[in-house]
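Novice: Below: one structure in structure tokens.
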Amino acid sequence: MSENKSLLKLRGISKVFSKGTVDQVRALDKIDLDVDSGDYSAIIGSNGAGKTTLLNIIAGVYPPESGGKIIVNGREVSRLSEYRRAHYIGRVYQDPHVGTAAKMTIEENMAMALLRGQPRGLRVASNKQRRELFRVALAPLGLGLENRLNALVGTLSGGQRQALALVMATLSKPAILLLDEHIATLDPRTAQIVLDLTDMIVAREKMTAIMVTHNMELALRHGNRLIMMHKGRIVVDMNQAKRADLTVHDLVVAFERASGEEFADDSVLLPNG
Amino acid sequence: MDPAAVGRLLGFSLYEGLAFGFVTIGVYLTFRVLAFPDLTVDGSFVLGGAVAAVLIVNGVNPFLATLAAFGAGMCAGLATSLLNTKLKIPALLASILVMVGLYSINLRVMGRSNLPLLREATIFSLTSQLLGLETRLEYRLVVAGVLAVVVFFILNWFLRTEIGLALRATGDNEQMVRGAGVDTDKTTILGVSIANGLVAFSGGVVAQGQGFSDVNMGVGMIIMGLAAVIIGEALFRPKGVARLLLAALGGTFVYRLVISIALRMGMRAGDLKLITAVIVIIALAIPYLQKKIRREWQPPAARW
């Protein structure tokens with residue numbers, strides 16, 4: 001059974017915000033999910049579907065409601081705080097500013113990322129050998145960042161920062177890569193560069209990636225699995241074979257059938273969302 | 001003014017710039033590096049002076065006593081940062097609470113409000129005997145200079161280590177630091193403790209330099225530190241750890257020099273704190289006002 005080879009298992013994950021008030025929201029509703037090692041899943045859904053909440057739960061930003069279990073590599077991590085899960089989870093956020101430190105240099109940012117989840121000591125953080133490693137990791141971006149290691153990250157453009165954030169999230173080769181609408185705020189050309197690079201790194205490092213996106217086109221063309229969420233539940237879950245000939249229109253139909261609602265969010269139909 | 005007097009003024013300001021410079025480095029660490037507005041400083045400066053003075057009066061080696069002042073300051077920083085990280089009390093309030101509490105502690109440590117060090121062996125008197133230096137200015141400069149060089153090299157190394165990097169990143173982007181697997185509570189606690197250790201170290205040095213420790217000698221120290229940080233940044237536009245540390249020392253020197261000149265020109269010593277506060281207010285307001293003028297101000301004709 002796939003029970004054994006699943007890298008990430010979620011069991012009965014719920015999340016309620018503003019509990020006990022009139023604003024109470026059930027952001028996640030008893031989610032069960034198995035992600036196999038090497039899966040590259042795209043999660044789509046309209047605003048408020050629970051996509052980002054799901055990533056936050058996996059990353060440990062906040063715990064799930066009691067009874068929910070998060071198991072990584074056979075080990076339950078549901079109660080571990082965010083920084084304790086970092087050694088096997090890398091994350092790229094929607095906002096390029098969140099993944100990088102503006103007042104530090106590219107080199108210092110990379111040195112922070114290199115030691116993800118490892119104990120830090122009193123060695124000087126970057127040396128010749130590490131700088132070479134940083135250059136090799138940055139060169140495939142084609143942005144020339146490998147020659148600007150001493151530049152402050154705050155002087156980079158949003159696209160450059162996001163590309164750097166992606167390299168930083170994957171530098172220590174974490175088992176799981178979480179992508180939270182990571183190209184949504186970039187201009188089309190930079191978005192394409194970052195997306196191509198994402199595919200390349202995920203394939204090269206055989207990472208298990210979960211990409212949240214607003215964009216159905218993107219979800220159909222990238223990765224090998226498509227998950228659609230609605231009101232805190234998973235309503236569609238297709239593997240590569242199933243989604244092979246699908247179009248965006250088919251997805252909208254699938255959504256309406258699964259959710260029993262008319263599809264209202266036009267933005268997911270646009271090429272860049 | 002004759003050249004000798006100018007030399008003395010410069011030399012004395014340089015001594016003060018170095019001795020109080022440790023306060024500025026501490027303030028720089030909390031306010032700028034950690035983005036942790038820490039007002040413990042007014043209390044931990046006195047704590048350093050009190051601990052050093054009491055130990056010296058009781059016959060402890062003055063160098064050990066100065067080191068003990070550093071340790072006592074770290075404890076004060078530890079208290080503030082624990083209140084903030086573990087009990088979630090806002091940084092400003094936590095540090096004010098510790099600062100107020102320290103007033104009582106400092107009185108207890110000294111046993112009275114003023115403790116003279118006349119005829120006691122201090123780091124200054126020991127050095128002047130050892131090197132055979134005669135004038136007060138000479139040995140003051142030597143002692144403060146050596147201490148500043150030692151602190152500079154230690155911090156310049158520490159802030160570039162793996163731990164030091166995580167500490168600097170904490171004030172820059174806490175989310176990113178947690179994402180990289182670092183407990184930001186720990187880096188905050190470490191940083192605020194080291195900062196207050198430096199402030200207390202300065203208090204220990206200054207108390208020995210002036211020959212007494214006083215329970216009120218820390219009043220306004222945080223504002224002096226902020227003013228010196230701002231002056232240092234404005235004058236030296238520092239980039240990189242080494243230059244930032246030098247800018248903190250340089251900023252303190254310029255601040256003390258301006259104060260000394262103003263006092264010589266007849267400014268009343270009591271007005272010092274108000275003038276310092278006004279300098280900091282202006283420096284803090286300028287970036288905002290510049291932005292406001294650029295964005296919102298339009299020539300009168302354009303309003304029609």
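Labels used: A, B, ... for chains in the order of the structure tokens, numbers from 1 for residues in each chain, and numbers from 1 for ligands as shown.
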Identify every residue of chain B that has at least one atom within 9 Å of any atom of chain A, counting only C-alpha atoms, and report the result as a PyMOL selection string.

Specialist: chain B and resi 157-166+168-170+172-184+240

Novice: Those selected residues, please, written with C-alpha atoms and delivered as a PDB file, in the first residue's frame.

Specialist:
ATOM      1  CA  TRP B 157      34.118  38.304  14.653  1.00  0.00           C
ATOM      2  CA  PHE B 158      30.997  37.267  16.591  1.00  0.00           C
ATOM      3  CA  LEU B 159      28.512  39.081  14.358  1.00  0.00           C
ATOM      4  CA  ARG B 160      29.875  37.233  11.322  1.00  0.00           C
ATOM      5  CA  THR B 161      29.692  33.761  12.875  1.00  0.00           C
ATOM      6  CA  GLU B 162      26.779  31.415  12.206  1.00  0.00           C
ATOM      7  CA  ILE B 163      25.111  32.426  15.470  1.00  0.00           C
ATOM      8  CA  GLY B 164      25.901  36.113  14.935  1.00  0.00           C
ATOM      9  CA  LEU B 165      24.366  35.968  11.470  1.00  0.00           C
ATOM     10  CA  ALA B 166      21.169  34.441  12.854  1.00  0.00           C
ATOM     11  CA  ARG B 168      21.388  39.933  12.844  1.00  0.00           C
ATOM     12  CA  ALA B 169      18.786  38.285  10.620  1.00  0.00           C
ATOM     13  CA  THR B 170      16.316  38.145  13.536  1.00  0.00           C
ATOM     14  CA  ASP B 172      15.735  41.983   9.739  1.00  0.00           C
ATOM     15  CA  ASN B 173      13.220  39.224   9.024  1.00  0.00           C
ATOM     16  CA  GLU B 174      12.064  37.065  11.906  1.00  0.00           C
ATOM     17  CA  GLN B 175       9.877  34.903   9.663  1.00  0.00           C
ATOM     18  CA  MET B 176      12.818  34.009   7.434  1.00  0.00           C
ATOM     19  CA  VAL B 177      14.960  33.143  10.446  1.00  0.00           C
ATOM     20  CA  ARG B 178      12.346  30.761  11.847  1.00  0.00           C
ATOM     21  CA  GLY B 179      11.957  29.268   8.388  1.00  0.00           C
ATOM     22  CA  ALA B 180      15.689  28.581   8.410  1.00  0.00           C
ATOM     23  CA  GLY B 181      15.283  26.589  11.606  1.00  0.00           C
ATOM     24  CA  VAL B 182      16.408  29.122  14.207  1.00  0.00           C
ATOM     25  CA  ASP B 183      14.497  29.772  17.429  1.00  0.00           C
ATOM     26  CA  THR B 184      14.125  33.564  17.289  1.00  0.00           C
ATOM     27  CA  GLY B 240      29.125  45.943   6.874  1.00  0.00           C
TER      28      GLY B 240
END

Novice: Listing only residues of segment 160-264 of chain A within 12 Å of segment 65-74 of chain A, what is the closest atom pair and its distance in Å (to one decimal) for each, using only C-alpha atoms, sorted by chain and residue number ascending, as JSON lines?

Specialist:
{"residue": "A:Ala175", "atom": "CA", "partner": "A:Val72", "partner_atom": "CA", "distance": 9.5}
{"residue": "A:Ile176", "atom": "CA", "partner": "A:Val72", "partner_atom": "CA", "distance": 9.4}
{"residue": "A:Thr208", "atom": "CA", "partner": "A:Val72", "partner_atom": "CA", "distance": 11.6}

Novice: Hey, can you spit out that residue selection with N, CA and C atoms as a PDB file, in the first residue's frame?

Specialist:
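The result, stored in selection16.pdb:
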ATOM      1  N   ALA A 175      13.425  17.884   2.379  1.00  0.00           N
ATOM      2  CA  ALA A 175      12.618  16.837   1.743  1.00  0.00           C
ATOM      3  C   ALA A 175      11.363  17.416   1.092  1.00  0.00           C
ATOM      4  N   ILE A 176      10.804  18.443   1.704  1.00  0.00           N
ATOM      5  CA  ILE A 176       9.536  18.997   1.222  1.00  0.00           C
ATOM      6  C   ILE A 176       9.715  20.476   0.876  1.00  0.00           C
ATOM      7  N   THR A 208       9.940  16.696  -2.982  1.00  0.00           N
ATOM      8  CA  THR A 208       8.499  16.587  -2.893  1.00  0.00           C
ATOM      9  C   THR A 208       7.975  18.006  -2.751  1.00  0.00           C
TER      10      THR A 208
END

Novice: Which value, in Å to one decimal, gives the distance between atom CA of Ala121 of chain B and atom CA of Asn106 of chain B?

Specialist: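 Result for atom CA of Ala121 of chain B versus atom CA of Asn106 of chain B: 21.6 Å, one decimal.
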
Novice: Give me, please, the distance in Å between atom CA of Asp187 of chain A and atom CA of Gly158 of chain A, quoted to one decimal.

Specialist: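 Atom CA of Asp187 of chain A sits 9.3 Å away from atom CA of Gly158 of chain A.
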
Novice: I'd like the neighbourhood of Leu55 of chain B as a ChimeraX atom specification, where a residue qualifies if any of its atoms comes within 10 Å (using only C-alpha atoms), though same-chain residues fewer than 6 positions away should be ignored.

Specialist: /B:61-62,64-66,68-69,109-110

Novice: Could those selected residues go to a file with N, CA and C atoms, as an mmCIF file, in the first residue's frame?

Specialist:
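Below is the file again28.cif, written as the result:
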data_model
loop_
_atom_site.group_PDB
_atom_site.id
_atom_site.type_symbol
_atom_site.label_atom_id
_atom_site.label_comp_id
_atom_site.auth_asym_id
_atom_site.auth_seq_id
_atom_site.Cartn_x
_atom_site.Cartn_y
_atom_site.Cartn_z
ATOM 1 N N ASN B 61 40.075 42.628 42.212
ATOM 2 C CA ASN B 61 40.859 43.185 41.108
ATOM 3 C C ASN B 61 39.955 43.992 40.171
ATOM 4 N N PRO B 62 40.329 45.247 39.855
ATOM 5 C CA PRO B 62 39.426 46.107 39.062
ATOM 6 C C PRO B 62 39.111 45.541 37.669
ATOM 7 N N LEU B 64 38.765 42.316 36.946
ATOM 8 C CA LEU B 64 37.720 41.326 37.214
ATOM 9 C C LEU B 64 36.396 42.024 37.526
ATOM 10 N N ALA B 65 36.475 43.111 38.282
ATOM 11 C CA ALA B 65 35.267 43.853 38.660
ATOM 12 C C ALA B 65 34.567 44.405 37.414
ATOM 13 N N THR B 66 35.364 44.875 36.431
ATOM 14 C CA THR B 66 34.786 45.409 35.196
ATOM 15 C C THR B 66 34.133 44.296 34.394
ATOM 16 N N ALA B 68 32.886 41.623 35.741
ATOM 17 C CA ALA B 68 31.673 41.291 36.499
ATOM 18 C C ALA B 68 30.542 42.252 36.143
ATOM 19 N N ALA B 69 30.904 43.523 35.890
ATOM 20 C CA ALA B 69 29.893 44.502 35.476
ATOM 21 C C ALA B 69 29.234 44.043 34.181
ATOM 22 N N VAL B 109 22.722 47.272 45.753
ATOM 23 C CA VAL B 109 24.088 46.838 45.453
ATOM 24 C C VAL B 109 25.091 47.793 46.082
ATOM 25 N N MET B 110 24.842 49.100 45.939
ATOM 26 C CA MET B 110 25.814 50.078 46.442
ATOM 27 C C MET B 110 25.624 50.339 47.932
#

Novice: Kindly indicate which residue among B:Ala19, B:Leu10, B:Leu274, B:Leu92 lies nearest to Val142 of chain B, using only C-alpha atoms for the distances.

Specialist: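 Smallest separation from Val142 of chain B among the options: B:Ala19.
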
Novice: Tell me, as a list in words, which residues lie within 8 Å of Arg233 of chain A, counting only C-alpha atoms; anything in the same chain fewer than 2 positions away does not count.

Specialist: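 Returned residues: Leu28, Asp29, Lys30, Ile31, Ala49, Gly50, Met229, His230, Lys231 and Val235 of chain A.
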
Novice: Create the file for the chosen residues now, containing N, CA and C atoms and written as a PDB file, in the first residue's frame.

Specialist:
ATOM      1  N   LEU A  28      -9.987  24.792   7.654  1.00  0.00           N
ATOM      2  CA  LEU A  28      -9.720  23.437   7.172  1.00  0.00           C
ATOM      3  C   LEU A  28     -10.692  22.496   7.877  1.00  0.00           C
ATOM      4  N   ASP A  29     -11.237  21.538   7.116  1.00  0.00           N
ATOM      5  CA  ASP A  29     -12.287  20.689   7.666  1.00  0.00           C
ATOM      6  C   ASP A  29     -11.915  19.218   7.460  1.00  0.00           C
ATOM      7  N   LYS A  30     -11.308  18.627   8.449  1.00  0.00           N
ATOM      8  CA  LYS A  30     -10.956  17.192   8.459  1.00  0.00           C
ATOM      9  C   LYS A  30     -10.268  16.746   7.175  1.00  0.00           C
ATOM     10  N   ILE A  31      -9.138  17.341   6.906  1.00  0.00           N
ATOM     11  CA  ILE A  31      -8.390  17.006   5.695  1.00  0.00           C
ATOM     12  C   ILE A  31      -7.570  15.737   5.907  1.00  0.00           C
ATOM     13  N   ALA A  49     -10.309  29.110   0.354  1.00  0.00           N
ATOM     14  CA  ALA A  49     -10.492  27.659   0.242  1.00  0.00           C
ATOM     15  C   ALA A  49      -9.682  26.916   1.296  1.00  0.00           C
ATOM     16  N   GLY A  50      -8.653  27.566   1.835  1.00  0.00           N
ATOM     17  CA  GLY A  50      -7.835  26.922   2.870  1.00  0.00           C
ATOM     18  C   GLY A  50      -6.460  26.500   2.389  1.00  0.00           C
ATOM     19  N   MET A 229      -9.185  22.564  -3.738  1.00  0.00           N
ATOM     20  CA  MET A 229      -9.803  22.739  -2.421  1.00  0.00           C
ATOM     21  C   MET A 229     -10.987  23.678  -2.514  1.00  0.00           C
ATOM     22  N   HIS A 230     -11.933  23.467  -1.614  1.00  0.00           N
ATOM     23  CA  HIS A 230     -13.077  24.363  -1.534  1.00  0.00           C
ATOM     24  C   HIS A 230     -13.599  24.341  -0.104  1.00  0.00           C
ATOM     25  N   LYS A 231     -13.741  25.504   0.489  1.00  0.00           N
ATOM     26  CA  LYS A 231     -14.253  25.634   1.857  1.00  0.00           C
ATOM     27  C   LYS A 231     -13.595  24.661   2.829  1.00  0.00           C
ATOM     28  N   VAL A 235     -11.743  18.774  -2.779  1.00  0.00           N
ATOM     29  CA  VAL A 235     -12.902  18.341  -3.567  1.00  0.00           C
ATOM     30  C   VAL A 235     -12.504  17.593  -4.831  1.00  0.00           C
TER      31      VAL A 235
END

Novice: Can you list, as a list of chain:residue names, every protein, DNA or RNA residue that comes within 12 Å of Ser128 of chain B when you count only C-alpha atoms, leaving out same-chain residues fewer than 5 positions away?

Specialist: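 The residues satisfying every condition are B:Ala121, B:Thr122, B:Ile123, B:Leu133, B:Glu134, B:Thr135, B:Arg136, B:Leu137, B:Glu138, B:Tyr139, B:Arg140, B:Leu141, B:Val142, B:Val143.
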
Novice: Write a file of the just-selected residues containing N, CA and C atoms, as a tab-separated table (two decimals), in the first residue's frame.

Specialist:
chain	number	residue	atom	x	y	z
B	121	ALA	N	42.21	51.15	43.88
B	121	ALA	CA	42.86	50.73	42.65
B	121	ALA	C	41.80	50.53	41.58
B	122	THR	N	41.92	51.24	40.43
B	122	THR	CA	40.99	51.05	39.33
B	122	THR	C	41.78	50.58	38.11
B	123	ILE	N	41.03	50.23	37.04
B	123	ILE	CA	41.75	49.83	35.82
B	123	ILE	C	42.63	50.97	35.32
B	133	LEU	N	52.49	56.19	33.19
B	133	LEU	CA	51.87	57.36	32.57
B	133	LEU	C	51.50	58.38	33.64
B	134	GLU	N	51.73	59.65	33.32
B	134	GLU	CA	51.53	60.68	34.32
B	134	GLU	C	50.15	61.32	34.26
B	135	THR	N	49.79	61.85	33.08
B	135	THR	CA	48.57	62.67	33.02
B	135	THR	C	47.33	61.80	32.95
B	136	ARG	N	46.26	62.34	33.53
B	136	ARG	CA	44.99	61.63	33.53
B	136	ARG	C	44.54	61.28	32.12
B	137	LEU	N	44.73	62.22	31.21
B	137	LEU	CA	44.25	62.02	29.84
B	137	LEU	C	44.96	60.85	29.18
B	138	GLU	N	46.29	60.79	29.37
B	138	GLU	CA	47.07	59.74	28.72
B	138	GLU	C	46.57	58.35	29.10
B	139	TYR	N	46.51	58.08	30.44
B	139	TYR	CA	46.14	56.71	30.80
B	139	TYR	C	44.67	56.42	30.53
B	140	ARG	N	43.84	57.45	30.62
B	140	ARG	CA	42.44	57.23	30.25
B	140	ARG	C	42.32	56.78	28.81
B	141	LEU	N	43.05	57.48	27.92
B	141	LEU	CA	42.97	57.14	26.50
B	141	LEU	C	43.51	55.74	26.24
B	142	VAL	N	44.62	55.40	26.90
B	142	VAL	CA	45.22	54.08	26.69
B	142	VAL	C	44.24	52.98	27.11
B	143	VAL	N	43.69	53.12	28.32
B	143	VAL	CA	42.78	52.08	28.83
B	143	VAL	C	41.54	51.95	27.95

Novice: With a distance cut-off of 10 Å and only C-alpha atoms, select the neighbouring residues of Leu145 of chain A, excluding the residue or stretch itself and same-chain residues fewer than 6 positions from it, and output the selection as a PyMOL selection string.

Specialist: chain A and resi 106-107+134-135+137-139+151+156+160-161+163-164

Novice: Could you please take those selected residues and save C-alpha atoms as a compact mmCIF listing (two decimals), in the first residue's frame?

Specialist:
# COMPACT_ATOMS: atom_id res chain seq x y z
CA ILE A 106 23.16 37.87 -0.76
CA GLU A 107 26.06 35.90 0.71
CA PHE A 134 26.56 29.82 -3.35
CA ARG A 135 27.83 30.85 -6.81
CA ALA A 137 23.60 27.49 -6.77
CA LEU A 138 22.83 31.00 -8.04
CA ALA A 139 24.30 30.72 -11.54
CA ALA A 151 25.08 43.26 -2.65
CA LEU A 156 17.39 43.66 -5.63
CA GLN A 160 15.42 38.81 -8.20
CA ARG A 161 14.52 38.50 -4.53
CA ALA A 163 14.47 33.86 -7.38
CA LEU A 164 16.95 34.15 -4.51
